[in-house]
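Q: Here you go, this is target.pdb (PDB, C-alpha atoms).
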ATOM      1  CA  MET M  19       8.805  22.623 -46.011  1.00  0.00           C
ATOM      2  CA  LYS M  20       5.328  21.048 -45.717  1.00  0.00           C
ATOM      3  CA  ARG M  21       6.946  17.699 -45.022  1.00  0.00           C
ATOM      4  CA  LEU M  22       9.105  19.185 -42.241  1.00  0.00           C
ATOM      5  CA  ILE M  23       6.013  20.774 -40.639  1.00  0.00           C
ATOM      6  CA  SER M  24       4.110  17.463 -40.881  1.00  0.00           C
ATOM      7  CA  ILE M  25       6.980  15.558 -39.274  1.00  0.00           C
ATOM      8  CA  SER M  26       7.287  18.174 -36.512  1.00  0.00           C
ATOM      9  CA  ALA M  27       3.537  18.008 -35.833  1.00  0.00           C
ATOM     10  CA  ALA M  28       3.674  14.196 -35.680  1.00  0.00           C
ATOM     11  CA  VAL M  29       6.579  14.319 -33.217  1.00  0.00           C
ATOM     12  CA  VAL M  30       4.715  16.798 -30.997  1.00  0.00           C
ATOM     13  CA  LEU M  31       1.505  14.721 -31.088  1.00  0.00           C
ATOM     14  CA  PHE M  32       3.390  11.468 -30.457  1.00  0.00           C
ATOM     15  CA  GLY M  33       5.345  13.047 -27.600  1.00  0.00           C
ATOM     16  CA  THR M  34       2.135  14.434 -26.070  1.00  0.00           C
ATOM     17  CA  THR M  35       0.496  10.999 -26.259  1.00  0.00           C
ATOM     18  CA  ILE M  36       3.460   9.375 -24.543  1.00  0.00           C
ATOM     19  CA  PHE M  37       3.491  12.069 -21.842  1.00  0.00           C
ATOM     20  CA  ALA M  38      -0.260  11.723 -21.265  1.00  0.00           C
ATOM     21  CA  GLN M  39       0.092   7.981 -20.755  1.00  0.00           C
ATOM     22  CA  GLN M  40       3.025   8.465 -18.378  1.00  0.00           C
ATOM     23  CA  ASN M  41       1.232  10.713 -15.907  1.00  0.00           C
ATOM     24  CA  TYR M  42       2.177   9.226 -12.542  1.00  0.00           C
ATOM     25  CA  SER M  43       0.960  12.008 -10.271  1.00  0.00           C
ATOM     26  CA  ILE M  44      -1.417  11.475  -7.365  1.00  0.00           C
ATOM     27  CA  THR M  45      -3.587  14.451  -6.409  1.00  0.00           C
ATOM     28  CA  SER M  46      -6.634  14.884  -4.202  1.00  0.00           C
ATOM     29  CA  THR M  47      -8.840  14.195  -7.230  1.00  0.00           C
ATOM     30  CA  SER M  48      -6.815  11.914  -9.500  1.00  0.00           C
ATOM     31  CA  VAL M  49      -4.320   9.119  -9.952  1.00  0.00           C
ATOM     32  CA  GLY M  50      -2.474   9.443 -13.232  1.00  0.00           C
ATOM     33  CA  ASN M  51      -5.074   9.912 -15.947  1.00  0.00           C
ATOM     34  CA  VAL M  52      -7.954   8.629 -13.800  1.00  0.00           C
ATOM     35  CA  ARG M  53     -10.018  11.381 -12.173  1.00  0.00           C
ATOM     36  CA  LEU M  54     -12.771  11.154  -9.609  1.00  0.00           C
ATOM     37  CA  GLY M  55     -16.165  11.632 -11.255  1.00  0.00           C
ATOM     38  CA  MET M  56     -15.159  10.275 -14.665  1.00  0.00           C
ATOM     39  CA  THR M  57     -16.949   7.215 -16.003  1.00  0.00           C
ATOM     40  CA  ILE M  58     -15.292   3.810 -16.216  1.00  0.00           C
ATOM     41  CA  ALA M  59     -15.533   4.087 -20.024  1.00  0.00           C
ATOM     42  CA  THR M  60     -13.615   7.376 -19.989  1.00  0.00           C
ATOM     43  CA  ALA M  61     -11.010   5.935 -17.634  1.00  0.00           C
ATOM     44  CA  ARG M  62     -10.615   2.979 -19.975  1.00  0.00           C
ATOM     45  CA  ARG M  63      -9.989   5.347 -22.904  1.00  0.00           C
ATOM     46  CA  THR M  64      -7.421   7.394 -20.967  1.00  0.00           C
ATOM     47  CA  MET M  65      -5.588   4.260 -19.804  1.00  0.00           C
ATOM     48  CA  ARG M  66      -4.756   2.629 -23.134  1.00  0.00           C
ATOM     49  CA  GLY M  67      -2.593  -0.455 -22.699  1.00  0.00           C
ATOM     50  CA  PHE M  68      -4.197  -1.275 -19.318  1.00  0.00           C
ATOM     51  CA  THR M  69      -6.837  -3.943 -18.760  1.00  0.00           C
ATOM     52  CA  PHE M  70      -9.938  -3.425 -16.646  1.00  0.00           C
ATOM     53  CA  ARG M  71     -11.624  -6.350 -14.945  1.00  0.00           C
ATOM     54  CA  ARG M  72     -14.167  -6.959 -12.230  1.00  0.00           C
ATOM     55  CA  THR M  73     -12.859  -7.726  -8.774  1.00  0.00           C
ATOM     56  CA  SER M  74     -13.998  -7.450  -5.181  1.00  0.00           C
ATOM     57  CA  ASP M  75     -12.487  -6.997  -1.748  1.00  0.00           C
ATOM     58  CA  GLY M  76     -12.961  -8.828   1.545  1.00  0.00           C
ATOM     59  CA  ASP M  77     -16.110  -6.821   2.235  1.00  0.00           C
ATOM     60  CA  GLY M  78     -17.682  -8.009  -1.039  1.00  0.00           C
ATOM     61  CA  VAL M  79     -17.582  -4.528  -2.596  1.00  0.00           C
ATOM     62  CA  ALA M  80     -17.768  -4.389  -6.403  1.00  0.00           C
ATOM     63  CA  LEU M  81     -14.493  -2.939  -7.701  1.00  0.00           C
ATOM     64  CA  VAL M  82     -12.729  -2.561 -11.032  1.00  0.00           C
ATOM     65  CA  GLU M  83      -9.109  -3.664 -11.090  1.00  0.00           C
ATOM     66  CA  VAL M  84      -6.760  -1.867 -13.480  1.00  0.00           C
ATOM     67  CA  ARG M  85      -3.853  -4.064 -14.564  1.00  0.00           C
ATOM     68  CA  ARG M  86      -0.846  -3.768 -16.812  1.00  0.00           C
ATOM     69  CA  GLY M  87       1.585  -6.523 -17.712  1.00  0.00           C
ATOM     70  CA  GLY M  88      -0.079  -8.944 -15.282  1.00  0.00           C
ATOM     71  CA  LYS M  89       0.384  -6.526 -12.369  1.00  0.00           C
ATOM     72  CA  SER M  90      -2.382  -4.855 -10.372  1.00  0.00           C
ATOM     73  CA  ILE M  91      -1.870  -1.086 -10.617  1.00  0.00           C
ATOM     74  CA  MET M  92      -5.021   0.280  -8.961  1.00  0.00           C
ATOM     75  CA  THR M  93      -8.644  -0.449  -8.100  1.00  0.00           C
ATOM     76  CA  LEU M  94     -11.608   1.792  -8.818  1.00  0.00           C
ATOM     77  CA  TYR M  95     -14.845   2.035  -6.867  1.00  0.00           C
ATOM     78  CA  ALA M  96     -17.817   3.408  -8.818  1.00  0.00           C
ATOM     79  CA  ASP M  97     -20.767   2.690  -6.493  1.00  0.00           C
ATOM     80  CA  GLU M  98     -21.607  -0.575  -8.214  1.00  0.00           C
ATOM     81  CA  ARG M  99     -23.583  -2.954  -6.035  1.00  0.00           C
ATOM     82  CA  ASN M 100     -23.040  -6.438  -7.478  1.00  0.00           C
ATOM     83  CA  PRO M 101     -19.438  -7.743  -7.564  1.00  0.00           C
ATOM     84  CA  LYS M 102     -20.529 -10.527  -9.953  1.00  0.00           C
ATOM     85  CA  ALA M 103     -22.153  -8.184 -12.492  1.00  0.00           C
ATOM     86  CA  ARG M 104     -20.438  -6.881 -15.606  1.00  0.00           C
ATOM     87  CA  ILE M 105     -18.640  -3.576 -15.234  1.00  0.00           C
ATOM     88  CA  ASN M 106     -21.011  -0.651 -15.709  1.00  0.00           C
ATOM     89  CA  GLU M 107     -19.133   1.533 -18.185  1.00  0.00           C
ATOM     90  CA  HIS M 108     -21.323   4.538 -17.261  1.00  0.00           C
ATOM     91  CA  ALA M 109     -20.663   4.292 -13.501  1.00  0.00           C
ATOM     92  CA  ARG M 110     -18.724   7.263 -12.106  1.00  0.00           C
ATOM     93  CA  ILE M 111     -15.506   6.711 -10.156  1.00  0.00           C
ATOM     94  CA  GLU M 112     -15.734   7.739  -6.493  1.00  0.00           C
ATOM     95  CA  HIS M 113     -12.587   6.160  -5.050  1.00  0.00           C
ATOM     96  CA  VAL M 114      -9.189   5.093  -6.407  1.00  0.00           C
ATOM     97  CA  ARG M 115      -6.678   2.914  -4.561  1.00  0.00           C
ATOM     98  CA  VAL M 116      -3.227   2.780  -6.191  1.00  0.00           C
ATOM     99  CA  PHE M 117      -0.629   0.096  -5.419  1.00  0.00           C
ATOM    100  CA  ASP M 118       2.020   0.811  -8.055  1.00  0.00           C
ATOM    101  CA  ARG M 119       5.118   2.600  -6.757  1.00  0.00           C
ATOM    102  CA  SER M 120       5.501   4.597  -9.991  1.00  0.00           C
ATOM    103  CA  TYR M 121       2.698   6.929  -8.872  1.00  0.00           C
ATOM    104  CA  ARG M 122       3.663   9.727  -6.447  1.00  0.00           C
ATOM    105  CA  THR M 123       2.109  12.644  -4.626  1.00  0.00           C
ATOM    106  CA  ALA M 124       3.471  16.183  -5.013  1.00  0.00           C
ATOM    107  CA  ASN M 125       5.426  15.548  -1.757  1.00  0.00           C
ATOM    108  CA  GLY M 126       7.042  12.465  -3.303  1.00  0.00           C
ATOM    109  CA  ILE M 127       5.048   9.932  -1.261  1.00  0.00           C
ATOM    110  CA  ARG M 128       4.663   6.588  -3.038  1.00  0.00           C
ATOM    111  CA  THR M 129       3.806   3.023  -2.178  1.00  0.00           C
ATOM    112  CA  GLU M 130       6.565   0.834  -0.719  1.00  0.00           C
ATOM    113  CA  MET M 131       8.016   3.925   1.008  1.00  0.00           C
ATOM    114  CA  LEU M 132       8.769   3.452   4.705  1.00  0.00           C
ATOM    115  CA  VAL M 133       6.332   5.310   6.948  1.00  0.00           C
ATOM    116  CA  GLY M 134       9.330   6.920   8.690  1.00  0.00           C
ATOM    117  CA  ASN M 135      10.500   8.429   5.389  1.00  0.00           C
ATOM    118  CA  ALA M 136       7.001   9.643   4.549  1.00  0.00           C
ATOM    119  CA  GLU M 137       6.706  11.116   8.049  1.00  0.00           C
ATOM    120  CA  THR M 138       9.725  13.372   7.491  1.00  0.00           C
ATOM    121  CA  LYS M 139       8.075  14.792   4.351  1.00  0.00           C
ATOM    122  CA  LEU M 140       4.644  15.211   5.917  1.00  0.00           C
ATOM    123  CA  GLY M 141       5.529  16.701   9.293  1.00  0.00           C
ATOM    124  CA  GLY M 142       5.083  13.712  11.575  1.00  0.00           C
ATOM    125  CA  ILE M 143       2.046  11.570  12.233  1.00  0.00           C
ATOM    126  CA  GLU M 144      -1.184  12.304  14.057  1.00  0.00           C
ATOM    127  CA  GLU M 145      -2.277   8.715  14.373  1.00  0.00           C
ATOM    128  CA  VAL M 146      -2.112   5.184  13.092  1.00  0.00           C
ATOM    129  CA  PHE M 147      -5.389   3.295  13.182  1.00  0.00           C
ATOM    130  CA  MET M 148      -6.821  -0.101  12.321  1.00  0.00           C
ATOM    131  CA  SER M 149     -10.265  -0.508  10.743  1.00  0.00           C
ATOM    132  CA  GLU M 150     -12.718  -2.728  12.592  1.00  0.00           C
ATOM    133  CA  ILE M 151     -14.013  -5.023   9.853  1.00  0.00           C
ATOM    134  CA  GLU M 152     -10.887  -6.036   7.907  1.00  0.00           C
ATOM    135  CA  SER M 153      -8.183  -4.730  10.250  1.00  0.00           C
ATOM    136  CA  ARG M 154      -6.772  -2.494   7.529  1.00  0.00           C
ATOM    137  CA  GLU M 155      -4.216  -0.034   8.843  1.00  0.00           C
ATOM    138  CA  TYR M 156      -3.898   3.636   7.915  1.00  0.00           C
ATOM    139  CA  VAL M 157      -1.671   6.518   8.933  1.00  0.00           C
ATOM    140  CA  VAL M 158      -2.749  10.155   9.222  1.00  0.00           C
ATOM    141  CA  PHE M 159       0.064  12.657   8.794  1.00  0.00           C
ATOM    142  CA  ARG M 160       0.117  16.169  10.278  1.00  0.00           C
ATOM    143  CA  LYS M 161       0.407  17.752   6.821  1.00  0.00           C
ATOM    144  CA  LYS M 162      -2.840  16.370   5.469  1.00  0.00           C
ATOM    145  CA  THR M 163      -3.863  16.585   1.863  1.00  0.00           C
ATOM    146  CA  LYS M 164      -7.621  16.626   1.533  1.00  0.00           C
ATOM    147  CA  GLY M 165      -8.763  13.651  -0.515  1.00  0.00           C
ATOM    148  CA  LEU M 166      -5.783  11.389   0.265  1.00  0.00           C
ATOM    149  CA  MET M 167      -5.464   8.470   2.693  1.00  0.00           C
ATOM    150  CA  TYR M 168      -2.382   6.295   3.234  1.00  0.00           C
ATOM    151  CA  ARG M 169      -2.798   2.593   3.893  1.00  0.00           C
ATOM    152  CA  ILE M 170       0.151   0.938   5.633  1.00  0.00           C
ATOM    153  CA  ASP M 171       1.427  -2.575   6.262  1.00  0.00           C
ATOM    154  CA  VAL M 172       4.497  -4.486   7.434  1.00  0.00           C
ATOM    155  CA  PRO M 173       6.525  -7.184   5.650  1.00  0.00           C
ATOM    156  CA  MET M 174       5.105 -10.678   6.198  1.00  0.00           C
ATOM    157  CA  SER M 175       8.509 -11.896   7.378  1.00  0.00           C
ATOM    158  CA  GLY M 176       8.975  -9.155   9.967  1.00  0.00           C
ATOM    159  CA  ASN M 177       8.862  -9.183  13.749  1.00  0.00           C
ATOM    160  CA  PHE M 178       5.631  -7.191  13.972  1.00  0.00           C
ATOM    161  CA  PRO M 179       2.181  -8.564  13.090  1.00  0.00           C
ATOM    162  CA  THR M 180       0.820  -5.031  12.534  1.00  0.00           C
ATOM    163  CA  ALA M 181       2.199  -1.750  11.218  1.00  0.00           C
ATOM    164  CA  GLY M 182       0.926   0.158  14.234  1.00  0.00           C
ATOM    165  CA  VAL M 183       2.237  -0.527  17.728  1.00  0.00           C
ATOM    166  CA  TYR M 184      -1.065  -0.517  19.614  1.00  0.00           C
ATOM    167  CA  PRO M 185      -1.712  -0.425  23.349  1.00  0.00           C
ATOM    168  CA  GLU M 186      -3.440  -3.576  24.599  1.00  0.00           C
ATOM    169  CA  GLY M 187      -7.008  -3.802  23.233  1.00  0.00           C
ATOM    170  CA  LYS M 188      -6.759  -0.552  21.228  1.00  0.00           C
ATOM    171  CA  ARG M 189      -6.956   0.204  17.487  1.00  0.00           C
ATOM    172  CA  ILE M 190      -5.450   3.707  17.552  1.00  0.00           C
ATOM    173  CA  THR M 191      -1.879   4.715  18.320  1.00  0.00           C
ATOM    174  CA  ASN M 192       0.771   7.252  17.428  1.00  0.00           C
ATOM    175  CA  ARG M 193       3.523   4.606  17.122  1.00  0.00           C
ATOM    176  CA  TYR M 194       4.424   2.317  14.239  1.00  0.00           C
ATOM    177  CA  ALA M 195       6.885  -0.476  13.502  1.00  0.00           C
ATOM    178  CA  ALA M 196      10.197   0.608  11.953  1.00  0.00           C
ATOM    179  CA  THR M 197       9.444  -1.689   8.991  1.00  0.00           C
ATOM    180  CA  ALA M 198       5.957  -0.201   8.348  1.00  0.00           C
ATOM    181  CA  PHE M 199       5.525   0.968   4.773  1.00  0.00           C
ATOM    182  CA  VAL M 200       2.876   2.656   2.627  1.00  0.00           C
ATOM    183  CA  SER M 201       1.062  -0.193   0.862  1.00  0.00           C
ATOM    184  CA  ALA M 202      -1.541   1.900  -0.997  1.00  0.00           C
ATOM    185  CA  ILE M 203      -2.543   5.504  -1.519  1.00  0.00           C
ATOM    186  CA  GLU M 204      -6.274   6.121  -1.712  1.00  0.00           C
ATOM    187  CA  VAL M 205      -8.047   9.061  -3.333  1.00  0.00           C
ATOM    188  CA  SER M 206     -11.644   9.985  -2.532  1.00  0.00           C
ATOM    189  CA  LYS M 207     -13.705  13.141  -2.113  1.00  0.00           C
ATOM    190  CA  TYR M 208     -14.870  11.696   1.228  1.00  0.00           C
ATOM    191  CA  PHE M 209     -11.442  11.999   2.877  1.00  0.00           C
ATOM    192  CA  ASP M 210     -10.975  15.230   4.862  1.00  0.00           C
TER     193      ASP M 210
END
What does the file become when written as structure tokens?
A:
Amino acid sequence: MKRLISISAAVVLFGTTIFAQQNYSITSTSVGNVRLGMTIATARRTMRGFTFRRTSDGDGVALVEVRRGGKSIMTLYADERNPKARINEHARIEHVRVFDRSYRTANGIRTEMLVGNAETKLGGIEEVFMSEIESREYVVFRKKTKGLMYRIDVPMSGNFPTAGVYPEGKRITNRYAATAFVSAIEVSKYFD
């Protein structure tokens, strides 16, 4: 009887560990097991099997890239100043950008999804806009979720150079290319 209880307990614990590592939900405060406000060290512990390494973006911002199997899954911003410095394990995560299509919002939005398909789930779009510095493109849906932002792009081989279809000299529109897709989902307490 004791052996049966021990085996049952091991199965429950093993199953819970597998489930915890397969959390693919995106919320206004988390991506999978990574939550805003947790330290890099805590994120590292909750993401066993993933590697963390220093990276940067085109603006020179210090980021932490989370990889698995040679694939970039997400980047973390923890208010670190020097992109050449070692990762500060005590820095607190303020922003997560996820690229992996396994992660989904409660509405089923994921990366690689066409903007048109996402639009049907989120009640249409308010605007598509392009950032000034790096010309990154984002879409704002009518059914907003506080804390989430959707970055969009178009295939490199497509007919459109941008995801948004902008009026001459403008960076804001309410139109997008039919091939526009969600390239990343970003989570931050700074997004309204």
Q: Between M:His108, M:Arg122, M:Lys89, M:Arg99, which residue has the minimum interatomic distance to Thr60 of chain M, considering all atoms listed in the file?
A: M:His108
Q: Just so the selection is clear, what residues does the PyMOL selection byres ((chain M and resi 59) around 10) cover here, as a list of chain:residue names?
A: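 Matching residues under the PyMOL selection byres ((chain M and resi 59) around 10) are M:Met56, M:Thr57, M:Ile58, M:Thr60, M:Ala61, M:Arg62, M:Arg63, M:Thr64, M:Met65, M:Phe70, M:Ile105, M:Asn106, M:Glu107, M:His108, M:Ala109, M:Arg110.
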Q: Save out the residues we just selected, C-alpha atoms, as a short mmCIF file (atom, residue, chain, number, x, y, z; two decimals), keeping the file's coordinate frame.
A:
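This went into part34.cif:
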data_model
loop_
_atom_site.label_atom_id
_atom_site.label_comp_id
_atom_site.auth_asym_id
_atom_site.auth_seq_id
_atom_site.Cartn_x
_atom_site.Cartn_y
_atom_site.Cartn_z
CA MET M 56 -15.16 10.28 -14.66
CA THR M 57 -16.95 7.22 -16.00
CA ILE M 58 -15.29 3.81 -16.22
CA THR M 60 -13.62 7.38 -19.99
CA ALA M 61 -11.01 5.94 -17.63
CA ARG M 62 -10.62 2.98 -19.98
CA ARG M 63 -9.99 5.35 -22.90
CA THR M 64 -7.42 7.39 -20.97
CA MET M 65 -5.59 4.26 -19.80
CA PHE M 70 -9.94 -3.42 -16.65
CA ILE M 105 -18.64 -3.58 -15.23
CA ASN M 106 -21.01 -0.65 -15.71
CA GLU M 107 -19.13 1.53 -18.18
CA HIS M 108 -21.32 4.54 -17.26
CA ALA M 109 -20.66 4.29 -13.50
CA ARG M 110 -18.72 7.26 -12.11
#
Q: So that each row is one residue of segment 67-104 of chain M with an atom at most 10 Å from segment 133-155 of chain M, can you give its shortest atom pair and the distance in Å to one decimal, using all atoms listed in the file, rows by chain and rising number, as CSV?
A:
residue,atom,partner,partner_atom,distance
M:Asp75,CA,M:Glu152,CA,9.8
M:Gly76,CA,M:Glu152,CA,7.3
M:Asp77,CA,M:Glu152,CA,7.8
Q: When the PyMOL selection byres ((chain M and resi 170-172) around 6) is applied to the structure above, which residues does it catch, written out as a list of chain:residue names?
A: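 Expected selection for the PyMOL selection byres ((chain M and resi 170-172) around 6) here is M:Glu155, M:Tyr156, M:Arg169, M:Pro173, M:Ala181, M:Thr197, M:Ala198, M:Phe199, M:Val200, M:Ser201.
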Q: Using only the atoms of segment 120-137 of chain M listed in the file, plus 5 Å on each side, state the axis-aligned box centre and edge lengths in Å rounded to one decimal, as lines of an AutoDock Vina configuration file.
A:
center_x = 6.3
center_y = 8.5
center_z = -0.7
size_x = 18.4
size_y = 25.3
size_z = 28.7
Q: Please provide the set of residues having any atom within 8 Å of Ser43 of chain M, restricted to only C-alpha atoms, with same-chain residues fewer than 3 positions apart removed, written as a PyMOL selection string.
A: chain M and resi 48-50+121-124
Q: For Leu54 of chain M, please output as a list in words all residues within 8 Å (counting all atoms listed in the file; exclusion window: fewer than 5 positions along the same chain).
A: Thr47, Ser48, Arg110, Ile111, Glu112, His113, Val114, Ser206 and Lys207 of chain M
